[in-house]
>>> print(open('work04.pdb').read())   # PDB, C-alpha atoms
ATOM      1  CA  MET A  92     181.413  21.996 139.158
ATOM      2  CA  SER A  93     182.517  22.857 142.698
ATOM      3  CA  ALA A  94     180.731  25.316 144.959
ATOM      4  CA  THR A  95     183.588  27.810 144.500
ATOM      5  CA  SER A  96     183.304  27.607 140.732
ATOM      6  CA  LEU A  97     179.535  27.969 140.902
ATOM      7  CA  ALA A  98     179.889  31.023 143.140
ATOM      8  CA  ALA A  99     182.269  32.567 140.605
ATOM      9  CA  VAL A 100     180.015  31.900 137.592
ATOM     10  CA  SER A 101     176.563  32.551 139.090
ATOM     11  CA  PRO A 102     176.890  36.386 139.243
ATOM     12  CA  VAL A 103     177.583  36.443 135.497
ATOM     13  CA  LEU A 104     174.526  34.283 134.847
ATOM     14  CA  ALA A 105     172.347  36.299 137.251
ATOM     15  CA  VAL A 106     173.348  39.649 135.746
ATOM     16  CA  GLY A 107     172.634  38.315 132.262
ATOM     17  CA  ALA A 108     169.191  37.083 133.333
ATOM     18  CA  LEU A 109     168.351  40.374 135.080
ATOM     19  CA  MET A 110     169.408  42.413 132.052
ATOM     20  CA  CYS A 111     167.318  40.224 129.793
ATOM     21  CA  LEU A 112     164.196  40.447 131.983
ATOM     22  CA  MET A 113     164.442  44.178 132.629
ATOM     23  CA  PRO A 114     161.866  45.370 130.007
ATOM     24  CA  ALA A 115     159.317  42.849 131.337
ATOM     25  CA  VAL A 116     159.269  44.464 134.780
ATOM     26  CA  THR A 117     159.255  48.115 133.720
ATOM     27  CA  ARG A 118     156.061  50.101 133.215
ATOM     28  CA  PRO A 119     154.508  49.903 129.729
ATOM     29  CA  THR A 120     154.512  53.717 129.623
ATOM     30  CA  LEU A 121     158.235  53.951 130.399
ATOM     31  CA  GLN A 122     160.005  51.705 127.893
ATOM     32  CA  PHE A 123     163.808  51.854 127.993
ATOM     33  CA  GLY A 124     163.589  55.127 129.883
ATOM     34  CA  VAL A 125     161.409  56.727 127.192
ATOM     35  CA  ARG A 126     158.056  57.976 128.479
ATOM     36  CA  VAL A 127     155.278  57.088 126.041
ATOM     37  CA  PRO A 128     151.505  57.679 126.127
ATOM     38  CA  ARG A 129     149.386  54.703 127.200
ATOM     39  CA  GLU A 130     147.809  54.498 123.730
ATOM     40  CA  ARG A 131     151.272  54.069 122.190
ATOM     41  CA  ALA A 132     152.496  51.392 124.610
ATOM     42  CA  GLY A 133     151.883  48.733 121.954
ATOM     43  CA  ALA A 134     153.514  50.630 119.087
ATOM     44  CA  PRO A 135     155.334  48.405 116.565
ATOM     45  CA  VAL A 136     158.694  50.063 117.222
ATOM     46  CA  ILE A 137     158.458  49.230 120.943
ATOM     47  CA  GLY A 138     157.622  45.568 120.295
ATOM     48  CA  ARG A 139     160.415  45.318 117.728
ATOM     49  CA  GLU A 140     163.009  46.904 120.007
ATOM     50  CA  ARG A 141     161.944  44.787 122.977
ATOM     51  CA  ARG A 142     162.370  41.579 120.978
ATOM     52  CA  ALA A 143     165.728  42.751 119.666
ATOM     53  CA  TYR A 144     166.805  43.651 123.198
ATOM     54  CA  TYR A 145     165.759  40.203 124.522
ATOM     55  CA  TRP A 146     167.755  38.401 121.842
ATOM     56  CA  ARG A 147     170.824  40.616 122.193
ATOM     57  CA  THR A 148     171.003  40.469 125.992
ATOM     58  CA  ALA A 149     170.245  36.731 126.014
ATOM     59  CA  ALA A 150     173.115  36.160 123.584
ATOM     60  CA  ILE A 151     175.417  38.369 125.677
ATOM     61  CA  GLY A 152     174.403  36.570 128.888
ATOM     62  CA  VAL A 153     174.939  33.098 127.360
ATOM     63  CA  CYS A 154     178.312  34.049 125.839
ATOM     64  CA  CYS A 155     179.589  35.640 129.037
ATOM     65  CA  THR A 156     178.414  32.656 131.124
ATOM     66  CA  LEU A 157     180.131  30.237 128.739
ATOM     67  CA  VAL A 158     183.350  32.248 128.931
ATOM     68  CA  ALA A 159     183.106  32.298 132.727
ATOM     69  CA  VAL A 160     182.528  28.517 132.856
ATOM     70  CA  THR A 161     185.442  27.930 130.497
ATOM     71  CA  VAL A 162     187.973  30.031 132.363
ATOM     72  CA  GLN A 163     186.844  29.498 135.939
ATOM     73  CA  GLY A 164     189.154  26.555 136.514
ATOM     74  CA  HIS A 165     192.190  28.356 135.124
ATOM     75  CA  TRP A 166     191.766  31.862 136.487
ATOM     76  CA  PRO A 167     191.264  33.004 140.070
ATOM     77  CA  SER A 168     187.569  33.467 140.954
ATOM     78  CA  TRP A 169     187.891  37.262 141.279
ATOM     79  CA  LEU A 170     189.197  37.385 137.712
ATOM     80  CA  THR A 171     186.134  35.492 136.508
ATOM     81  CA  ARG A 172     183.970  38.268 137.906
ATOM     82  CA  ILE A 173     185.783  40.780 135.705
ATOM     83  CA  ILE A 174     183.603  39.342 132.922
ATOM     84  CA  LEU A 175     180.736  41.189 134.596
ATOM     85  CA  LEU A 176     182.154  44.492 133.371
ATOM     86  CA  PRO A 177     181.987  43.810 129.607
ATOM     87  CA  GLU A 178     178.665  42.027 130.176
ATOM     88  CA  LEU A 179     177.152  45.076 131.876
ATOM     89  CA  ALA A 180     178.666  47.421 129.295
ATOM     90  CA  ALA A 181     177.184  45.362 126.451
ATOM     91  CA  GLY A 182     173.804  45.297 128.250
ATOM     92  CA  PHE A 183     173.809  49.076 128.631
ATOM     93  CA  GLY A 184     174.740  49.329 124.973
ATOM     94  CA  CYS A 185     171.681  47.270 124.001
ATOM     95  CA  PHE A 186     169.521  49.415 126.286
ATOM     96  CA  TRP A 187     170.879  52.599 124.731
ATOM     97  CA  VAL A 188     170.279  51.364 121.161
ATOM     98  CA  ALA A 189     166.640  50.458 121.971
ATOM     99  CA  ARG A 190     166.113  53.736 123.806
ATOM    100  CA  ARG A 191     167.516  55.797 120.936
ATOM    101  CA  LYS A 192     165.348  54.079 118.309
ATOM    102  CA  ILE A 193     162.101  54.407 120.329
ATOM    103  CA  ALA A 194     162.855  58.039 121.193
ATOM    104  CA  ALA A 195     163.529  58.825 117.522
ATOM    105  CA  VAL A 196     160.113  57.473 116.442
ATOM    106  CA  LYS A 197     158.396  59.161 119.388
ATOM    107  CA  ASN A 198     159.874  62.548 118.491
ATOM    108  CA  ALA A 199     159.284  62.125 114.746
ATOM    109  CA  ASP A 200     155.596  61.211 115.193
ATOM    110  CA  ASP A 201     155.087  63.593 118.153
ATOM    111  CA  TRP A 202     153.324  60.986 120.296
ATOM    112  CA  PHE A 203     152.299  63.475 122.952
ATOM    113  CA  ALA A 204     150.634  65.903 120.515
ATOM    114  CA  GLY A 205     147.199  66.886 121.808
ATOM    115  CA  LEU A 206     147.710  65.118 125.157
ATOM    116  CA  ARG A 207     147.980  66.775 128.553
ATOM    117  CA  GLN A 208     150.745  65.501 130.815
ATOM    118  CA  THR A 209     150.245  65.985 134.535
ATOM    119  CA  VAL A 210     152.644  65.380 137.410
ATOM    120  CA  VAL A 211     151.001  64.733 140.788
ATOM    121  CA  THR A 212     152.630  64.473 144.200
ATOM    122  CA  ASP A 213     151.158  63.832 147.639
ATOM    123  CA  THR A 214     152.806  66.426 149.886
ATOM    124  CA  SER A 215     151.557  64.716 153.065
ATOM    125  CA  TRP A 216     154.168  61.966 152.533
ATOM    126  CA  ARG A 217     156.801  64.645 153.183
ATOM    127  CA  THR A 218     155.118  66.695 155.894
ATOM    128  CA  ASP A 219     153.409  63.847 157.771
ATOM    129  CA  PRO A 220     155.096  60.567 156.819
ATOM    130  CA  PRO A 221     153.442  57.389 158.162
ATOM    131  CA  ARG A 222     155.261  55.960 161.165
ATOM    132  CA  PHE A 223     156.805  52.531 161.114
ATOM    133  CA  PRO A 224     154.197  50.118 162.540
ATOM    134  CA  VAL A 225     156.217  48.881 165.523
ATOM    135  CA  ARG A 226     153.309  46.768 166.791
ATOM    136  CA  TRP A 227     153.541  44.572 163.710
ATOM    137  CA  LEU A 228     156.922  43.381 165.007
ATOM    138  CA  VAL A 229     155.311  41.882 168.115
ATOM    139  CA  PRO A 230     154.306  38.514 166.547
ATOM    140  CA  ALA A 231     157.745  38.093 164.990
ATOM    141  CA  LEU A 232     159.525  38.987 168.250
ATOM    142  CA  ALA A 233     157.214  36.658 170.193
ATOM    143  CA  GLY A 234     158.025  33.877 167.733
ATOM    144  CA  LEU A 235     161.752  34.511 168.140
ATOM    145  CA  ALA A 236     161.390  34.503 171.927
ATOM    146  CA  VAL A 237     159.506  31.187 171.826
ATOM    147  CA  LEU A 238     162.110  29.637 169.524
ATOM    148  CA  GLY A 239     164.926  30.956 171.712
ATOM    149  CA  ALA A 240     163.276  29.558 174.816
ATOM    150  CA  ALA A 241     162.702  26.192 173.098
ATOM    151  CA  ALA A 242     166.326  26.040 171.969
ATOM    152  CA  GLY A 243     167.548  26.842 175.473
ATOM    153  CA  MET A 244     165.548  24.026 177.022
TER
ATOM    154  CA  MET B 276     147.431  67.522 149.714
ATOM    155  CA  LEU B 277     147.675  66.272 146.149
ATOM    156  CA  LEU B 278     149.619  68.823 144.139
ATOM    157  CA  SER B 279     149.424  68.507 140.362
ATOM    158  CA  ILE B 280     151.181  70.463 137.658
ATOM    159  CA  GLU B 281     151.265  70.327 133.870
ATOM    160  CA  PRO B 282     154.928  70.613 132.843
ATOM    161  CA  ASP B 283     154.018  71.362 129.212
ATOM    162  CA  GLY B 284     151.085  73.655 130.029
ATOM    163  CA  PRO B 285     150.937  77.317 129.013
ATOM    164  CA  VAL B 286     151.088  78.528 132.645
ATOM    165  CA  PRO B 287     154.613  78.731 134.141
ATOM    166  CA  ILE B 288     155.322  75.905 136.598
ATOM    167  CA  TYR B 289     156.076  78.224 139.532
ATOM    168  CA  GLN B 290     152.686  79.894 138.944
ATOM    169  CA  GLN B 291     150.956  76.489 138.844
ATOM    170  CA  ILE B 292     152.583  75.529 142.161
ATOM    171  CA  ARG B 293     151.473  78.825 143.676
ATOM    172  CA  ASP B 294     147.904  78.434 142.322
ATOM    173  CA  ARG B 295     147.498  74.829 143.556
ATOM    174  CA  ILE B 296     148.662  75.790 147.059
ATOM    175  CA  VAL B 297     146.302  78.800 147.174
ATOM    176  CA  GLU B 298     143.419  76.518 146.134
ATOM    177  CA  ALA B 299     144.354  73.955 148.793
ATOM    178  CA  ILE B 300     144.393  76.686 151.453
ATOM    179  CA  ALA B 301     140.984  77.998 150.304
ATOM    180  CA  ARG B 302     139.495  74.487 150.334
ATOM    181  CA  GLY B 303     140.764  73.852 153.862
ATOM    182  CA  ARG B 304     143.226  71.126 152.860
ATOM    183  CA  GLN B 305     146.164  73.240 154.026
ATOM    184  CA  PRO B 306     144.920  75.174 157.060
ATOM    185  CA  ALA B 307     146.916  77.944 158.743
ATOM    186  CA  GLY B 308     149.842  76.451 160.667
ATOM    187  CA  SER B 309     150.150  73.383 158.443
ATOM    188  CA  ALA B 310     153.515  72.590 156.888
ATOM    189  CA  LEU B 311     154.449  72.269 153.245
ATOM    190  CA  PRO B 312     157.382  70.217 151.956
ATOM    191  CA  SER B 313     160.728  71.950 151.656
ATOM    192  CA  THR B 314     161.540  73.469 148.288
ATOM    193  CA  ARG B 315     164.113  70.766 147.589
ATOM    194  CA  GLN B 316     161.747  67.913 148.509
ATOM    195  CA  LEU B 317     158.921  69.306 146.374
ATOM    196  CA  ALA B 318     161.310  69.923 143.485
ATOM    197  CA  VAL B 319     162.408  66.265 143.628
ATOM    198  CA  ASP B 320     158.821  64.981 143.868
ATOM    199  CA  LEU B 321     157.609  67.078 140.930
ATOM    200  CA  GLY B 322     160.768  66.594 138.893
ATOM    201  CA  VAL B 323     161.330  70.320 138.469
ATOM    202  CA  ASN B 324     164.184  72.685 139.293
ATOM    203  CA  PHE B 325     164.625  73.740 142.908
ATOM    204  CA  HIS B 326     164.551  77.425 141.892
ATOM    205  CA  THR B 327     161.131  76.934 140.259
ATOM    206  CA  VAL B 328     159.588  75.764 143.544
ATOM    207  CA  ASN B 329     161.461  78.517 145.370
ATOM    208  CA  LYS B 330     159.908  81.107 143.063
ATOM    209  CA  GLY B 331     156.399  79.720 143.691
ATOM    210  CA  TYR B 332     156.937  79.718 147.465
ATOM    211  CA  ASP B 333     158.351  83.245 147.315
ATOM    212  CA  LEU B 334     155.218  84.475 145.541
ATOM    213  CA  LEU B 335     153.110  83.003 148.351
ATOM    214  CA  ARG B 336     155.381  84.614 150.935
ATOM    215  CA  GLN B 337     154.993  88.010 149.279
ATOM    216  CA  GLU B 338     151.205  87.552 149.330
ATOM    217  CA  GLY B 339     151.352  86.799 153.059
ATOM    218  CA  LEU B 340     150.069  83.232 152.693
ATOM    219  CA  LEU B 341     153.311  81.467 153.576
ATOM    220  CA  ARG B 342     155.969  81.831 156.240
ATOM    221  CA  LEU B 343     159.414  80.591 155.286
ATOM    222  CA  GLY B 344     161.835  79.841 158.092
ATOM    223  CA  ARG B 345     165.195  78.122 158.268
ATOM    224  CA  LYS B 346     164.087  75.775 161.039
ATOM    225  CA  SER B 347     160.298  75.659 160.614
ATOM    226  CA  GLY B 348     160.386  75.331 156.804
ATOM    227  CA  ALA B 349     157.372  76.454 154.770
ATOM    228  CA  VAL B 350     154.278  76.954 156.924
ATOM    229  CA  VAL B 351     150.847  78.257 155.851
ATOM    230  CA  ARG B 352     150.310  81.648 157.484
ATOM    231  CA  ARG B 353     146.691  82.482 156.616
ATOM    232  CA  ASP B 354     143.506  80.684 155.621
ATOM    233  CA  ALA B 355     139.786  81.457 155.200
ATOM    234  CA  GLY B 356     139.389  81.833 158.951
ATOM    235  CA  SER B 357     142.286  84.231 159.536
ATOM    236  CA  GLY B 358     140.220  87.433 159.375
ATOM    237  CA  PRO B 359     140.058  90.220 156.789
ATOM    238  CA  PRO B 360     142.987  90.576 154.388
ATOM    239  CA  ASP B 361     145.348  93.506 154.013
ATOM    240  CA  PRO B 362     143.451  96.463 152.374
ATOM    241  CA  ALA B 363     146.171  96.963 149.757
ATOM    242  CA  TRP B 364     145.948  93.307 148.761
ATOM    243  CA  ALA B 365     142.118  93.514 148.617
ATOM    244  CA  GLN B 366     142.326  96.520 146.296
ATOM    245  CA  ASP B 367     144.756  94.720 144.006
ATOM    246  CA  TRP B 368     142.576  91.604 143.987
ATOM    247  CA  THR B 369     139.472  93.652 143.076
ATOM    248  CA  GLY B 370     141.329  95.011 140.061
ATOM    249  CA  ARG B 371     142.306  91.506 138.916
ATOM    250  CA  LEU B 372     138.757  90.234 139.497
ATOM    251  CA  GLN B 373     137.327  93.006 137.333
ATOM    252  CA  THR B 374     139.651  92.024 134.510
ATOM    253  CA  LEU B 375     138.694  88.351 134.888
ATOM    254  CA  LEU B 376     134.960  89.143 134.865
ATOM    255  CA  ALA B 377     135.456  91.537 131.946
ATOM    256  CA  GLU B 378     137.006  88.668 129.961
ATOM    257  CA  ALA B 379     133.842  86.600 130.486
ATOM    258  CA  ALA B 380     131.602  89.536 129.584
ATOM    259  CA  ALA B 381     133.690  90.373 126.523
ATOM    260  CA  GLN B 382     133.340  86.780 125.327
ATOM    261  CA  GLY B 383     129.553  87.109 125.597
ATOM    262  CA  MET B 384     129.028  84.976 128.710
ATOM    263  CA  PRO B 385     125.621  85.845 130.272
ATOM    264  CA  ALA B 386     125.746  87.519 133.696
ATOM    265  CA  THR B 387     123.651  84.716 135.191
ATOM    266  CA  ASP B 388     126.207  82.150 134.016
ATOM    267  CA  ILE B 389     129.050  84.230 135.467
ATOM    268  CA  VAL B 390     127.288  84.421 138.826
ATOM    269  CA  ARG B 391     126.523  80.683 138.734
ATOM    270  CA  GLU B 392     130.174  79.842 138.051
ATOM    271  CA  CYS B 393     131.277  82.132 140.880
ATOM    272  CA  ARG B 394     128.834  80.453 143.281
ATOM    273  CA  ALA B 395     130.008  77.001 142.209
ATOM    274  CA  ALA B 396     133.640  77.973 142.793
ATOM    275  CA  LEU B 397     132.865  79.476 146.195
ATOM    276  CA  ALA B 398     130.905  76.370 147.228
ATOM    277  CA  ASP B 399     134.198  74.438 147.228
ATOM    278  CA  PHE B 400     135.943  76.748 149.666
ATOM    279  CA  ALA B 401     136.159  76.178 153.403
ATOM    280  CA  PHE B 402     134.688  79.360 154.830
ATOM    281  CA  PRO B 403     134.320  79.552 158.613
ATOM    282  CA  ALA B 404     130.833  78.770 159.974
ATOM    283  CA  ALA B 405     130.038  82.433 160.796
ATOM    284  CA  VAL B 406     130.811  83.554 157.244
ATOM    285  CA  ALA B 407     128.753  80.694 155.816
ATOM    286  CA  GLU B 408     125.798  81.734 157.969
ATOM    287  CA  VAL B 409     125.952  85.346 156.712
ATOM    288  CA  TRP B 410     126.188  84.045 153.128
ATOM    289  CA  ASN B 411     123.153  81.801 153.614
ATOM    290  CA  ARG B 412     121.104  84.691 155.032
ATOM    291  CA  GLY B 413     121.956  86.607 151.881
ATOM    292  CA  GLY B 414     120.379  83.868 149.786
ATOM    293  CA  GLY B 415     123.537  82.176 148.502
ATOM    294  CA  SER B 416     125.604  79.184 149.466
ATOM    295  CA  PRO B 417     129.288  79.403 150.412
TER
END
>>> encode(input="work04.pdb", output="structure tokens")
Amino acid sequence: MSATSLAAVSPVLAVGALMCLMPAVTRPTLQFGVRVPRERAGAPVIGRERRAYYWRTAAIGVCCTLVAVTVQGHWPSWLTRIILLPELAAGFGCFWVARRKIAAVKNADDWFAGLRQTVVTDTSWRTDPPRFPVRWLVPALAGLAVLGAAAGM
Amino acid sequence: MLLSIEPDGPVPIYQQIRDRIVEAIARGRQPAGSALPSTRQLAVDLGVNFHTVNKGYDLLRQEGLLRLGRKSGAVVRRDAGSGPPDPAWAQDWTGRLQTLLAEAAAQGMPATDIVRECRAALADFAFPAAVAEVWNRGGGSP
């Protein structure tokens, strides 16, 4: 596979991998955009929907990558990237299905019953934001200057 | 200042915003002259409607605690060290205090407990040194 072909196929593979890994990097209390109490983070419906989402997005990612690999030699590279659109749409579809199922159970069982939800904000971040630490750039700039001087010698 | 609200609480959100800011001013965390975030910024941070924050700020402006300007934004106008309040406001506050104390009395709370709770609440507030000295001479603690 040439570098051009790899460049055309890799976005499809990367998007598939990112979609698949998305639930692993989101907060346990915010699964598929549904806010849940900490005590319910391990609810069976969440585990079930996460597993289903992994399998669905992995299958979508593999299929789309295979299609991209198959057609990349015959189509122009920009046309290969069009595959990203149905891949993303299918990923969002999987997300929406998982979100809808978790939200339905959450609402039916009233997960937040008897719990107090509080929103807190630190106003000083708005009125007195921390300044960018310019001094921290000094070592990096000194390193660049040294490298520049060494290259010029 | 850490500003917290309970979106599902029984108290309206604009009233919670107003109450938290009043408490921060009384505790010295937002002294006179200090700035508050703009209504839009605070609305984004709290995840509430812009008009809700605007209503809370407007209440504070009507009470003389906040100055709202186009260029300066929302700035605290008064604090515990700003001198005596407006007599009309003091009269209104006395009426509300009587109702609040009457609630405790009606529920059977002993007078000593009421006084203790009042002292504990006042102990958190940032009174100027002169006021604290007068309070201490009277046998209490600000």
>>> resolve_selection(input="work04.pdb", expression="the PyMOL selection byres ((chain A and resi 148) around 7)", output="list of chain:residue names")
A:Gly107, A:Met110, A:Cys111, A:Tyr144, A:Tyr145, A:Trp146, A:Arg147, A:Ala149, A:Ala150, A:Ile151, A:Gly152, A:Gly182
>>> closest_atom_pairs(input="work04.pdb", of="chain A", to="chain B", cutoff="12 Å", atoms="all atoms listed in the file", output="tab-separated table")
residue	atom	partner	partner_atom	distance
A:Phe203	CA	B:Asp283	CA	10.2
A:Ala204	CA	B:Asp283	CA	10.8
A:Gly205	CA	B:Asp283	CA	11.0
A:Leu206	CA	B:Asp283	CA	9.8
A:Arg207	CA	B:Glu281	CA	7.2
A:Gln208	CA	B:Glu281	CA	5.7
A:Thr209	CA	B:Glu281	CA	4.5
A:Val210	CA	B:Ile280	CA	5.3
A:Val211	CA	B:Ser279	CA	4.1
A:Thr212	CA	B:Leu278	CA	5.3
A:Asp213	CA	B:Leu277	CA	4.5
A:Thr214	CA	B:Met276	CA	5.5
A:Ser215	CA	B:Met276	CA	6.0
A:Trp216	CA	B:Pro312	CA	8.9
A:Arg217	CA	B:Pro312	CA	5.7
A:Thr218	CA	B:Pro312	CA	5.7
A:Asp219	CA	B:Ala310	CA	8.8
A:Pro220	CA	B:Pro312	CA	11.0
>>> residues_around(input="work04.pdb", residues="Trp202 (chain A)", least_positions_apart="3", cutoff="8 Å", atoms="all atoms listed in the file", output="list in words")
Val127, Pro128, Arg131, Lys197 and Asn198 of chain A
>>> resolve_selection(input="work04.pdb", expression="the PyMOL selection byres ((chain A and resi 138) around 12)", output="ChimeraX atom specification")
/A:114-115,119,122-123,131-137,139-145,189,192-193
>>> residues_around(input="work04.pdb", residues="Ile300 (chain B)", least_positions_apart="2", cutoff="10 Å", atoms="all atoms listed in the file", output="list in words")
Met276, Asp294, Arg295, Ile296, Val297, Glu298, Arg302, Gly303, Arg304, Gln305, Pro306, Ala307, Ser309, Leu340, Val351, Arg352, Arg353, Asp354, Ala355, Phe400 and Ala401 of chain B
>>> atom_distance(input="work04.pdb", atom1="CA of Leu179 (chain A)", atom2="CA of Leu121 (chain A)")
20.9 Å
>>> residues_around(input="work04.pdb", residues="Asp333 (chain B)", least_positions_apart="6", cutoff="9 Å", atoms="only C-alpha atoms", output="ChimeraX atom specification")
/B:293,341,343
>>> atom_distance(input="work04.pdb", atom1="CA of Gly331 (chain B)", atom2="CA of Val286 (chain B)")
12.3 Å
>>> residues_around(input="work04.pdb", residues="Trp364 (chain B)", least_positions_apart="4", cutoff="8 Å", atoms="all atoms listed in the file", output="PyMOL selection string")
chain B and resi 338+360+368
>>> residues_near_point(input="work04.pdb", point="(185.6, 36.4, 136.0)", cutoff="12 Å", atoms="all atoms listed in the file", output="JSON, numbers by chain")
{"A": [96, 97, 98, 99, 100, 101, 102, 103, 104, 155, 156, 157, 158, 159, 160, 161, 162, 163, 164, 165, 166, 167, 168, 169, 170, 171, 172, 173, 174, 175, 176, 177, 178]}
>>> residues_near_point(input="work04.pdb", point="(133.1, 79.9, 149.0)", cutoff="9 Å", atoms="only C-alpha atoms", output="NGL selection string")
:B and (301-302 or 393-402 or 407 or 416-417)
>>> atom_distance(input="work04.pdb", atom1="CA of Val390 (chain B)", atom2="CA of Gly356 (chain B)")
23.6 Å
>>> closest_residue(input="work04.pdb", among="B:Ala380, B:Val350, B:Val328, B:Ala365", to="Tyr289 (chain B)", atoms="all atoms listed in the file")
B:Val328
>>> decode(input="work04.pdb", residues="region 342-407 of chain B", atoms="C-alpha atoms", output="mmCIF file, in the first residue's frame")
data_model
loop_
_atom_site.group_PDB
_atom_site.id
_atom_site.type_symbol
_atom_site.label_atom_id
_atom_site.label_comp_id
_atom_site.auth_asym_id
_atom_site.auth_seq_id
_atom_site.Cartn_x
_atom_site.Cartn_y
_atom_site.Cartn_z
ATOM 1 C CA ARG B 342 -24.026 48.257 40.169
ATOM 2 C CA LEU B 343 -24.671 47.226 36.586
ATOM 3 C CA GLY B 344 -22.891 49.161 33.868
ATOM 4 C CA ARG B 345 -22.427 48.643 30.155
ATOM 5 C CA LYS B 346 -18.653 49.005 30.362
ATOM 6 C CA SER B 347 -17.889 48.074 33.982
ATOM 7 C CA GLY B 348 -20.223 45.045 34.061
ATOM 8 C CA ALA B 349 -21.598 43.843 37.400
ATOM 9 C CA VAL B 350 -19.723 45.329 40.356
ATOM 10 C CA VAL B 351 -20.478 44.899 44.080
ATOM 11 C CA ARG B 352 -21.626 48.255 45.446
ATOM 12 C CA ARG B 353 -21.867 47.644 49.203
ATOM 13 C CA ASP B 354 -20.460 45.275 51.806
ATOM 14 C CA ALA B 355 -20.334 44.940 55.611
ATOM 15 C CA GLY B 356 -17.994 47.914 55.845
ATOM 16 C CA SER B 357 -20.023 50.331 53.716
ATOM 17 C CA GLY B 358 -21.846 52.015 56.612
ATOM 18 C CA PRO B 359 -25.481 51.898 57.732
ATOM 19 C CA PRO B 360 -28.077 50.765 55.193
ATOM 20 C CA ASP B 361 -30.980 52.743 53.792
ATOM 21 C CA PRO B 362 -33.661 53.193 56.556
ATOM 22 C CA ALA B 363 -36.449 51.965 54.272
ATOM 23 C CA TRP B 364 -34.497 48.800 53.515
ATOM 24 C CA ALA B 365 -33.761 48.284 57.247
ATOM 25 C CA GLN B 366 -37.467 48.560 58.058
ATOM 26 C CA ASP B 367 -38.353 46.027 55.376
ATOM 27 C CA TRP B 368 -35.628 43.662 56.578
ATOM 28 C CA THR B 369 -36.879 43.887 60.190
ATOM 29 C CA GLY B 370 -40.315 42.803 59.003
ATOM 30 C CA ARG B 371 -38.873 39.797 57.151
ATOM 31 C CA LEU B 372 -36.691 38.890 60.146
ATOM 32 C CA GLN B 373 -39.711 38.897 62.446
ATOM 33 C CA THR B 374 -41.497 36.489 60.134
ATOM 34 C CA LEU B 375 -38.430 34.228 59.981
ATOM 35 C CA LEU B 376 -38.048 34.198 63.780
ATOM 36 C CA ALA B 377 -41.798 33.671 64.182
ATOM 37 C CA GLU B 378 -41.507 30.538 62.018
ATOM 38 C CA ALA B 379 -38.903 29.124 64.423
ATOM 39 C CA ALA B 380 -40.990 30.060 67.459
ATOM 40 C CA ALA B 381 -44.149 28.633 65.906
ATOM 41 C CA GLN B 382 -42.342 25.343 65.301
ATOM 42 C CA GLY B 383 -41.427 25.220 68.999
ATOM 43 C CA MET B 384 -37.724 26.059 68.685
ATOM 44 C CA PRO B 385 -36.422 27.303 72.086
ATOM 45 C CA ALA B 386 -35.343 30.958 72.211
ATOM 46 C CA THR B 387 -31.850 29.933 73.318
ATOM 47 C CA ASP B 388 -31.488 27.744 70.224
ATOM 48 C CA ILE B 389 -32.701 30.587 67.998
ATOM 49 C CA VAL B 390 -30.146 32.954 69.511
ATOM 50 C CA ARG B 391 -27.395 30.329 69.188
ATOM 51 C CA GLU B 392 -28.191 29.790 65.503
ATOM 52 C CA CYS B 393 -28.189 33.546 64.907
ATOM 53 C CA ARG B 394 -24.790 33.881 66.605
ATOM 54 C CA ALA B 395 -23.386 30.991 64.576
ATOM 55 C CA ALA B 396 -24.603 32.578 61.338
ATOM 56 C CA LEU B 397 -23.189 35.977 62.277
ATOM 57 C CA ALA B 398 -19.826 34.430 63.200
ATOM 58 C CA ASP B 399 -19.312 33.632 59.502
ATOM 59 C CA PHE B 400 -19.748 37.202 58.324
ATOM 60 C CA ALA B 401 -16.912 39.634 57.704
ATOM 61 C CA PHE B 402 -17.814 42.567 59.918
ATOM 62 C CA PRO B 403 -15.332 45.449 60.069
ATOM 63 C CA ALA B 404 -12.989 45.451 63.092
ATOM 64 C CA ALA B 405 -14.802 48.348 64.836
ATOM 65 C CA VAL B 406 -18.153 46.555 64.654
ATOM 66 C CA ALA B 407 -16.578 43.330 65.907
#
